[in-house]
Amino acid sequence: MRMHDDATRVTVSPVVPGALGILCALAGLGLGFVAPAVSSWAVDTLPAVPGPLELLAGLTTAWTIPLLTVVGIGAGLFLASTAIHESLALTVDSEGVLLTQDERDLYVPRAKIGSVFREGRDLVLLDSAERELARRKADDLNDRAVADAFTAHGYPWSEKNTHEESFTRWIEGHPGLDEQTHALLRERREALSGKDTHLATALHEQLQELGVVVRDRGRHQEYRRLA
């Protein structure tokens, strides 16, 4: 999706993956100093130890320090790459919003957006009928940069969710909802437990078709009815 030249892009700060890499490298360096002594103690004391500990017990710090530092750097690069991959990339221009996360793109035209706000860890876009157009985890993006990206292009940015008091914690079997809605919420709970985000998103859409908006708070689902 091509955005305008004046588009504003907000991504995770390079400090975050950089810090992960440095911390892992330092952790590897620290382990390199203590690994021979700790491994030797484990081999001499415990009835059985994993093979890598036996290997480390036979090495000196001259070997373990560079070895575990390299391992730490490798782990840091992997975690940094994962953090970048899983974080939200937000692109905003005068005609719409592009949300990219986990190699999945979602484009929301400006004409459909009735309000935009941060809600806890999430960035939420609603239409004029208060339906959710998008809800994406965005806690690794700078709050001020996100707000400025929307306000700079004239979007209806809000500092809070105006529907916060409308949400109710879902209790299975509660008479406030019909059985079809309960069934979808049960299925969504299982999808989230199994980390099936694609199914959870599809069920979110089905619930909205029934006039129910759902969100997650900890291990619980909360819902509100559409007006």
# chains A, B, ... in the order shown; residues from 1 in each chain; ligands from 1
$ select_by_dssp --residues "range 146-213 of chain A" --states "helix (DSSP H, G or I)" --output "PyMOL selection string"
chain A and resi 146-152+164-166+179-193+197-209
$ write_last_selection --atoms "C-alpha atoms" --output "PDB file, in the first residue's frame"
ATOM      1  CA  VAL A 146       1.498   8.128  18.152  1.00  0.00           C
ATOM      2  CA  ALA A 147      -0.742  11.009  19.241  1.00  0.00           C
ATOM      3  CA  ASP A 148       1.221  13.516  17.127  1.00  0.00           C
ATOM      4  CA  ALA A 149       1.013  11.272  14.057  1.00  0.00           C
ATOM      5  CA  PHE A 150      -2.785  11.318  14.157  1.00  0.00           C
ATOM      6  CA  THR A 151      -3.316  14.933  15.183  1.00  0.00           C
ATOM      7  CA  ALA A 152      -0.863  16.185  12.543  1.00  0.00           C
ATOM      8  CA  GLU A 164     -14.399   2.712  29.211  1.00  0.00           C
ATOM      9  CA  GLU A 165     -17.300   2.601  31.663  1.00  0.00           C
ATOM     10  CA  SER A 166     -19.435   0.605  29.207  1.00  0.00           C
ATOM     11  CA  GLU A 179     -26.366 -18.349  24.101  1.00  0.00           C
ATOM     12  CA  GLN A 180     -24.939 -17.567  20.660  1.00  0.00           C
ATOM     13  CA  THR A 181     -22.838 -14.761  22.115  1.00  0.00           C
ATOM     14  CA  HIS A 182     -21.721 -16.930  25.011  1.00  0.00           C
ATOM     15  CA  ALA A 183     -20.710 -19.655  22.551  1.00  0.00           C
ATOM     16  CA  LEU A 184     -18.587 -17.251  20.525  1.00  0.00           C
ATOM     17  CA  LEU A 185     -16.942 -15.886  23.660  1.00  0.00           C
ATOM     18  CA  ARG A 186     -16.174 -19.418  24.849  1.00  0.00           C
ATOM     19  CA  GLU A 187     -14.648 -20.255  21.476  1.00  0.00           C
ATOM     20  CA  ARG A 188     -12.616 -17.038  21.531  1.00  0.00           C
ATOM     21  CA  ARG A 189     -11.364 -17.846  25.043  1.00  0.00           C
ATOM     22  CA  GLU A 190     -10.121 -21.214  23.794  1.00  0.00           C
ATOM     23  CA  ALA A 191      -8.518 -19.599  20.738  1.00  0.00           C
ATOM     24  CA  LEU A 192      -6.628 -17.166  22.946  1.00  0.00           C
ATOM     25  CA  SER A 193      -5.526 -19.992  25.248  1.00  0.00           C
ATOM     26  CA  THR A 197      -4.766 -15.049  17.079  1.00  0.00           C
ATOM     27  CA  HIS A 198      -6.279 -15.451  13.607  1.00  0.00           C
ATOM     28  CA  LEU A 199      -9.307 -17.320  14.968  1.00  0.00           C
ATOM     29  CA  ALA A 200      -9.615 -14.897  17.903  1.00  0.00           C
ATOM     30  CA  THR A 201      -9.701 -11.983  15.435  1.00  0.00           C
ATOM     31  CA  ALA A 202     -12.343 -13.700  13.303  1.00  0.00           C
ATOM     32  CA  LEU A 203     -14.495 -14.330  16.383  1.00  0.00           C
ATOM     33  CA  HIS A 204     -14.051 -10.683  17.395  1.00  0.00           C
ATOM     34  CA  GLU A 205     -15.570  -9.722  14.051  1.00  0.00           C
ATOM     35  CA  GLN A 206     -18.451 -12.185  14.464  1.00  0.00           C
ATOM     36  CA  LEU A 207     -19.238 -10.745  17.879  1.00  0.00           C
ATOM     37  CA  GLN A 208     -19.330  -7.233  16.428  1.00  0.00           C
ATOM     38  CA  GLU A 209     -21.846  -8.439  13.858  1.00  0.00           C
TER      39      GLU A 209
END
$ residues_around --residues "Leu123 in chain A" --least-positions-apart "3" --cutoff "12 Å" --atoms "only C-alpha atoms" --output "VMD selection string"
chain A and resid 88 to 90 97 99 115 to 120 126 132 to 143 146 to 147 150 157 to 161 215
$ select_by_dssp --residues "range 36-223 of chain A" --states "strand (DSSP E)" --output "PyMOL selection string"
chain A and resi 89-92+96-101+104-109+115-119+122-126+132-137+157-158+168-169+212-217+220-223
$ atom_distance --atom1 "CA of Gly32 in chain A" --atom2 "CA of Val71 in chain A"
10.1 Å
$ residues_around --residues "Pro66 in chain A" --least-positions-apart "6" --cutoff "10 Å" --atoms "only C-alpha atoms" --output "list in words"
Gly28, Leu29, Gly32, Phe33 and Gly72 of chain A
$ write_last_selection --atoms "N, CA and C atoms" --output "mmCIF file, in the first residue's frame"
data_model
loop_
_atom_site.group_PDB
_atom_site.id
_atom_site.type_symbol
_atom_site.label_atom_id
_atom_site.label_comp_id
_atom_site.auth_asym_id
_atom_site.auth_seq_id
_atom_site.Cartn_x
_atom_site.Cartn_y
_atom_site.Cartn_z
ATOM 1 N N GLY A 28 25.886 -13.113 28.681
ATOM 2 C CA GLY A 28 26.777 -14.171 28.230
ATOM 3 C C GLY A 28 28.181 -13.996 28.784
ATOM 4 N N LEU A 29 28.655 -12.747 28.805
ATOM 5 C CA LEU A 29 29.977 -12.455 29.360
ATOM 6 C C LEU A 29 30.033 -12.822 30.844
ATOM 7 N N GLY A 32 30.111 -16.448 31.362
ATOM 8 C CA GLY A 32 31.407 -17.004 31.003
ATOM 9 C C GLY A 32 32.375 -17.034 32.177
ATOM 10 N N PHE A 33 32.279 -16.054 33.073
ATOM 11 C CA PHE A 33 33.167 -16.008 34.236
ATOM 12 C C PHE A 33 32.831 -17.093 35.260
ATOM 13 N N GLY A 72 25.536 -15.246 23.809
ATOM 14 C CA GLY A 72 24.694 -14.137 24.269
ATOM 15 C C GLY A 72 24.387 -13.161 23.154
#
$ closest_residue --among "A:Thr8, A:Tyr155, A:Pro109, A:Leu23" --to "Gly74 in chain A" --atoms "only C-alpha atoms"
A:Leu23
$ residues_around --residues "Ala227 in chain A" --least-positions-apart "3" --cutoff "9 Å" --atoms "only C-alpha atoms" --output "PDB file with N, CA, C and O atoms, in the first residue's frame"
ATOM      1  N   ALA A 129     -20.043   4.506  14.198  1.00  0.00           N
ATOM      2  CA  ALA A 129     -21.059   3.721  14.905  1.00  0.00           C
ATOM      3  C   ALA A 129     -20.484   3.030  16.139  1.00  0.00           C
ATOM      4  O   ALA A 129     -21.145   2.175  16.728  1.00  0.00           O
ATOM      5  N   GLU A 130     -19.231   3.363  16.509  1.00  0.00           N
ATOM      6  CA  GLU A 130     -18.554   2.857  17.700  1.00  0.00           C
ATOM      7  C   GLU A 130     -18.092   1.411  17.566  1.00  0.00           C
ATOM      8  O   GLU A 130     -17.741   0.767  18.541  1.00  0.00           O
ATOM      9  N   GLY A 211     -23.392  -7.134  17.526  1.00  0.00           N
ATOM     10  CA  GLY A 211     -23.536  -5.923  18.329  1.00  0.00           C
ATOM     11  C   GLY A 211     -22.756  -5.934  19.630  1.00  0.00           C
ATOM     12  O   GLY A 211     -23.107  -5.210  20.568  1.00  0.00           O
TER      13      GLY A 211
END
$ atom_distance --atom1 "CA of Val214 in chain A" --atom2 "CA of Pro175 in chain A"
17.1 Å
$ residues_around --residues "His85 in chain A" --least-positions-apart "2" --cutoff "9 Å" --atoms "only C-alpha atoms" --output "list in words"
Ala80, Ser81, Thr82, Ala83, Ser87, Leu88, Gln101, Asp102 and Glu103 of chain A
$ closest_residue --among "A:Val108, A:Ala57, A:Val12, A:Ala75" --to "Leu26 in chain A" --atoms "only C-alpha atoms"
A:Ala75
$ residues_around --residues "range 35-51 of chain A" --least-positions-apart "5" --cutoff "12 Å" --atoms "only C-alpha atoms" --output "list in words"
Ala27, Gly28, Leu29, Gly30, Leu56, Ala57, Gly58, Leu59, Thr60, Thr61, Ala62, Trp63, Thr64, Ile65, Pro66, Leu67, Leu68 and Thr69 of chain A
$ write_last_selection --atoms "C-alpha atoms" --output "PDB file, in the first residue's frame"
ATOM      1  CA  ALA A  27      24.705 -11.801  30.362  1.00  0.00           C
ATOM      2  CA  GLY A  28      26.777 -14.171  28.230  1.00  0.00           C
ATOM      3  CA  LEU A  29      29.977 -12.455  29.360  1.00  0.00           C
ATOM      4  CA  GLY A  30      28.948 -12.751  33.017  1.00  0.00           C
ATOM      5  CA  LEU A  56      31.516 -26.431  30.478  1.00  0.00           C
ATOM      6  CA  ALA A  57      32.934 -28.103  33.578  1.00  0.00           C
ATOM      7  CA  GLY A  58      35.933 -29.217  31.539  1.00  0.00           C
ATOM      8  CA  LEU A  59      36.680 -25.737  30.163  1.00  0.00           C
ATOM      9  CA  THR A  60      38.510 -22.759  31.626  1.00  0.00           C
ATOM     10  CA  THR A  61      37.306 -19.165  31.632  1.00  0.00           C
ATOM     11  CA  ALA A  62      39.654 -18.505  28.702  1.00  0.00           C
ATOM     12  CA  TRP A  63      37.197 -20.592  26.654  1.00  0.00           C
ATOM     13  CA  THR A  64      33.858 -19.976  28.364  1.00  0.00           C
ATOM     14  CA  ILE A  65      34.058 -16.164  28.352  1.00  0.00           C
ATOM     15  CA  PRO A  66      34.307 -15.754  24.539  1.00  0.00           C
ATOM     16  CA  LEU A  67      32.086 -18.783  23.897  1.00  0.00           C
ATOM     17  CA  LEU A  68      29.179 -17.651  26.071  1.00  0.00           C
ATOM     18  CA  THR A  69      29.577 -14.030  24.993  1.00  0.00           C
TER      19      THR A  69
END
$ decode --residues "range 54-191 of chain A" --atoms "C-alpha atoms" --output "PDB file, in the first residue's frame"
ATOM      1  CA  GLU A  54      29.622 -31.473  31.652  1.00  0.00           C
ATOM      2  CA  LEU A  55      31.285 -29.782  28.690  1.00  0.00           C
ATOM      3  CA  LEU A  56      31.516 -26.431  30.478  1.00  0.00           C
ATOM      4  CA  ALA A  57      32.934 -28.103  33.578  1.00  0.00           C
ATOM      5  CA  GLY A  58      35.933 -29.217  31.539  1.00  0.00           C
ATOM      6  CA  LEU A  59      36.680 -25.737  30.163  1.00  0.00           C
ATOM      7  CA  THR A  60      38.510 -22.759  31.626  1.00  0.00           C
ATOM      8  CA  THR A  61      37.306 -19.165  31.632  1.00  0.00           C
ATOM      9  CA  ALA A  62      39.654 -18.505  28.702  1.00  0.00           C
ATOM     10  CA  TRP A  63      37.197 -20.592  26.654  1.00  0.00           C
ATOM     11  CA  THR A  64      33.858 -19.976  28.364  1.00  0.00           C
ATOM     12  CA  ILE A  65      34.058 -16.164  28.352  1.00  0.00           C
ATOM     13  CA  PRO A  66      34.307 -15.754  24.539  1.00  0.00           C
ATOM     14  CA  LEU A  67      32.086 -18.783  23.897  1.00  0.00           C
ATOM     15  CA  LEU A  68      29.179 -17.651  26.071  1.00  0.00           C
ATOM     16  CA  THR A  69      29.577 -14.030  24.993  1.00  0.00           C
ATOM     17  CA  VAL A  70      29.082 -15.112  21.371  1.00  0.00           C
ATOM     18  CA  VAL A  71      26.062 -17.185  22.441  1.00  0.00           C
ATOM     19  CA  GLY A  72      24.694 -14.137  24.269  1.00  0.00           C
ATOM     20  CA  ILE A  73      25.170 -11.952  21.198  1.00  0.00           C
ATOM     21  CA  GLY A  74      23.352 -14.527  19.071  1.00  0.00           C
ATOM     22  CA  ALA A  75      20.480 -14.686  21.543  1.00  0.00           C
ATOM     23  CA  GLY A  76      20.359 -10.885  21.651  1.00  0.00           C
ATOM     24  CA  LEU A  77      20.159 -10.624  17.865  1.00  0.00           C
ATOM     25  CA  PHE A  78      17.350 -13.175  17.820  1.00  0.00           C
ATOM     26  CA  LEU A  79      15.367 -11.369  20.523  1.00  0.00           C
ATOM     27  CA  ALA A  80      15.933  -7.995  18.858  1.00  0.00           C
ATOM     28  CA  SER A  81      14.708  -9.364  15.528  1.00  0.00           C
ATOM     29  CA  THR A  82      11.652 -10.867  17.234  1.00  0.00           C
ATOM     30  CA  ALA A  83      10.880  -7.573  19.009  1.00  0.00           C
ATOM     31  CA  ILE A  84      10.996  -5.658  15.720  1.00  0.00           C
ATOM     32  CA  HIS A  85       8.902  -8.299  13.952  1.00  0.00           C
ATOM     33  CA  GLU A  86       6.185  -8.374  16.612  1.00  0.00           C
ATOM     34  CA  SER A  87       5.993  -4.624  17.242  1.00  0.00           C
ATOM     35  CA  LEU A  88       3.445  -2.410  15.484  1.00  0.00           C
ATOM     36  CA  ALA A  89       4.569  -0.191  12.613  1.00  0.00           C
ATOM     37  CA  LEU A  90       2.141   2.706  12.171  1.00  0.00           C
ATOM     38  CA  THR A  91       1.922   4.856   9.035  1.00  0.00           C
ATOM     39  CA  VAL A  92      -0.546   7.749   8.914  1.00  0.00           C
ATOM     40  CA  ASP A  93      -1.368  10.158   6.112  1.00  0.00           C
ATOM     41  CA  SER A  94      -4.344  12.350   5.214  1.00  0.00           C
ATOM     42  CA  GLU A  95      -6.240   9.520   3.514  1.00  0.00           C
ATOM     43  CA  GLY A  96      -5.779   6.560   5.828  1.00  0.00           C
ATOM     44  CA  VAL A  97      -3.810   4.503   8.327  1.00  0.00           C
ATOM     45  CA  LEU A  98      -1.589   1.500   7.624  1.00  0.00           C
ATOM     46  CA  LEU A  99      -1.024  -0.909  10.530  1.00  0.00           C
ATOM     47  CA  THR A 100       1.712  -3.516  10.073  1.00  0.00           C
ATOM     48  CA  GLN A 101       2.364  -6.217  12.673  1.00  0.00           C
ATOM     49  CA  ASP A 102       3.543  -9.836  12.454  1.00  0.00           C
ATOM     50  CA  GLU A 103       3.839  -9.469   8.655  1.00  0.00           C
ATOM     51  CA  ARG A 104       0.136  -8.604   8.417  1.00  0.00           C
ATOM     52  CA  ASP A 105      -1.031  -5.288   6.957  1.00  0.00           C
ATOM     53  CA  LEU A 106      -4.330  -3.571   7.655  1.00  0.00           C
ATOM     54  CA  TYR A 107      -5.303  -0.351   5.886  1.00  0.00           C
ATOM     55  CA  VAL A 108      -8.106   1.763   7.354  1.00  0.00           C
ATOM     56  CA  PRO A 109      -9.378   4.680   5.219  1.00  0.00           C
ATOM     57  CA  ARG A 110      -9.658   8.051   6.945  1.00  0.00           C
ATOM     58  CA  ALA A 111     -13.336   8.351   5.950  1.00  0.00           C
ATOM     59  CA  LYS A 112     -14.218   5.322   8.114  1.00  0.00           C
ATOM     60  CA  ILE A 113     -12.510   6.508  11.307  1.00  0.00           C
ATOM     61  CA  GLY A 114     -14.692   8.140  13.966  1.00  0.00           C
ATOM     62  CA  SER A 115     -12.167   8.171  16.821  1.00  0.00           C
ATOM     63  CA  VAL A 116      -8.662   6.996  17.703  1.00  0.00           C
ATOM     64  CA  PHE A 117      -7.183   6.468  21.174  1.00  0.00           C
ATOM     65  CA  ARG A 118      -4.771   4.483  23.295  1.00  0.00           C
ATOM     66  CA  GLU A 119      -6.336   1.999  25.693  1.00  0.00           C
ATOM     67  CA  GLY A 120      -3.794   0.413  27.986  1.00  0.00           C
ATOM     68  CA  ARG A 121      -1.391  -1.486  25.744  1.00  0.00           C
ATOM     69  CA  ASP A 122      -3.609  -1.142  22.655  1.00  0.00           C
ATOM     70  CA  LEU A 123      -4.144   1.347  19.867  1.00  0.00           C
ATOM     71  CA  VAL A 124      -7.855   1.393  18.977  1.00  0.00           C
ATOM     72  CA  LEU A 125      -9.654   2.780  15.927  1.00  0.00           C
ATOM     73  CA  LEU A 126     -13.459   3.101  16.001  1.00  0.00           C
ATOM     74  CA  ASP A 127     -15.918   4.030  13.281  1.00  0.00           C
ATOM     75  CA  SER A 128     -18.748   6.526  13.696  1.00  0.00           C
ATOM     76  CA  ALA A 129     -21.059   3.721  14.905  1.00  0.00           C
ATOM     77  CA  GLU A 130     -18.554   2.857  17.700  1.00  0.00           C
ATOM     78  CA  ARG A 131     -17.511  -0.426  16.078  1.00  0.00           C
ATOM     79  CA  GLU A 132     -13.847  -1.346  16.350  1.00  0.00           C
ATOM     80  CA  LEU A 133     -12.067  -1.026  13.036  1.00  0.00           C
ATOM     81  CA  ALA A 134      -8.743  -2.111  14.554  1.00  0.00           C
ATOM     82  CA  ARG A 135      -7.187  -2.959  17.902  1.00  0.00           C
ATOM     83  CA  ARG A 136      -3.444  -3.532  17.936  1.00  0.00           C
ATOM     84  CA  LYS A 137      -0.889  -4.019  20.720  1.00  0.00           C
ATOM     85  CA  ALA A 138       1.222  -0.850  20.665  1.00  0.00           C
ATOM     86  CA  ASP A 139       2.826  -0.551  24.102  1.00  0.00           C
ATOM     87  CA  ASP A 140       6.329  -0.408  22.585  1.00  0.00           C
ATOM     88  CA  LEU A 141       5.493   2.745  20.600  1.00  0.00           C
ATOM     89  CA  ASN A 142       6.054   6.200  22.066  1.00  0.00           C
ATOM     90  CA  ASP A 143       2.721   7.610  23.291  1.00  0.00           C
ATOM     91  CA  ARG A 144       3.462  11.179  22.213  1.00  0.00           C
ATOM     92  CA  ALA A 145       4.701  10.125  18.768  1.00  0.00           C
ATOM     93  CA  VAL A 146       1.498   8.128  18.152  1.00  0.00           C
ATOM     94  CA  ALA A 147      -0.742  11.009  19.241  1.00  0.00           C
ATOM     95  CA  ASP A 148       1.221  13.516  17.127  1.00  0.00           C
ATOM     96  CA  ALA A 149       1.013  11.272  14.057  1.00  0.00           C
ATOM     97  CA  PHE A 150      -2.785  11.318  14.157  1.00  0.00           C
ATOM     98  CA  THR A 151      -3.316  14.933  15.183  1.00  0.00           C
ATOM     99  CA  ALA A 152      -0.863  16.185  12.543  1.00  0.00           C
ATOM    100  CA  HIS A 153      -3.114  14.705   9.847  1.00  0.00           C
ATOM    101  CA  GLY A 154      -6.391  15.868  11.386  1.00  0.00           C
ATOM    102  CA  TYR A 155      -7.665  12.608  12.884  1.00  0.00           C
ATOM    103  CA  PRO A 156     -10.136  12.649  15.828  1.00  0.00           C
ATOM    104  CA  TRP A 157      -7.586  11.699  18.494  1.00  0.00           C
ATOM    105  CA  SER A 158      -8.761  11.171  22.084  1.00  0.00           C
ATOM    106  CA  GLU A 159      -6.583  10.833  25.163  1.00  0.00           C
ATOM    107  CA  LYS A 160      -8.821   8.093  26.569  1.00  0.00           C
ATOM    108  CA  ASN A 161     -11.527   5.605  25.663  1.00  0.00           C
ATOM    109  CA  THR A 162     -14.858   7.377  26.037  1.00  0.00           C
ATOM    110  CA  HIS A 163     -16.550   3.950  26.329  1.00  0.00           C
ATOM    111  CA  GLU A 164     -14.399   2.712  29.211  1.00  0.00           C
ATOM    112  CA  GLU A 165     -17.300   2.601  31.663  1.00  0.00           C
ATOM    113  CA  SER A 166     -19.435   0.605  29.207  1.00  0.00           C
ATOM    114  CA  PHE A 167     -17.329  -2.573  29.411  1.00  0.00           C
ATOM    115  CA  THR A 168     -18.461  -5.504  31.546  1.00  0.00           C
ATOM    116  CA  ARG A 169     -16.443  -8.575  32.465  1.00  0.00           C
ATOM    117  CA  TRP A 170     -17.776 -11.657  30.693  1.00  0.00           C
ATOM    118  CA  ILE A 171     -19.124 -14.355  33.005  1.00  0.00           C
ATOM    119  CA  GLU A 172     -20.083 -17.555  31.262  1.00  0.00           C
ATOM    120  CA  GLY A 173     -23.813 -18.220  31.452  1.00  0.00           C
ATOM    121  CA  HIS A 174     -24.735 -14.720  32.634  1.00  0.00           C
ATOM    122  CA  PRO A 175     -28.309 -13.914  31.515  1.00  0.00           C
ATOM    123  CA  GLY A 176     -27.218 -10.566  30.088  1.00  0.00           C
ATOM    124  CA  LEU A 177     -26.080 -12.301  26.894  1.00  0.00           C
ATOM    125  CA  ASP A 178     -27.764 -14.842  24.628  1.00  0.00           C
ATOM    126  CA  GLU A 179     -26.366 -18.349  24.101  1.00  0.00           C
ATOM    127  CA  GLN A 180     -24.939 -17.567  20.660  1.00  0.00           C
ATOM    128  CA  THR A 181     -22.838 -14.761  22.115  1.00  0.00           C
ATOM    129  CA  HIS A 182     -21.721 -16.930  25.011  1.00  0.00           C
ATOM    130  CA  ALA A 183     -20.710 -19.655  22.551  1.00  0.00           C
ATOM    131  CA  LEU A 184     -18.587 -17.251  20.525  1.00  0.00           C
ATOM    132  CA  LEU A 185     -16.942 -15.886  23.660  1.00  0.00           C
ATOM    133  CA  ARG A 186     -16.174 -19.418  24.849  1.00  0.00           C
ATOM    134  CA  GLU A 187     -14.648 -20.255  21.476  1.00  0.00           C
ATOM    135  CA  ARG A 188     -12.616 -17.038  21.531  1.00  0.00           C
ATOM    136  CA  ARG A 189     -11.364 -17.846  25.043  1.00  0.00           C
ATOM    137  CA  GLU A 190     -10.121 -21.214  23.794  1.00  0.00           C
ATOM    138  CA  ALA A 191      -8.518 -19.599  20.738  1.00  0.00           C
TER     139      ALA A 191
END
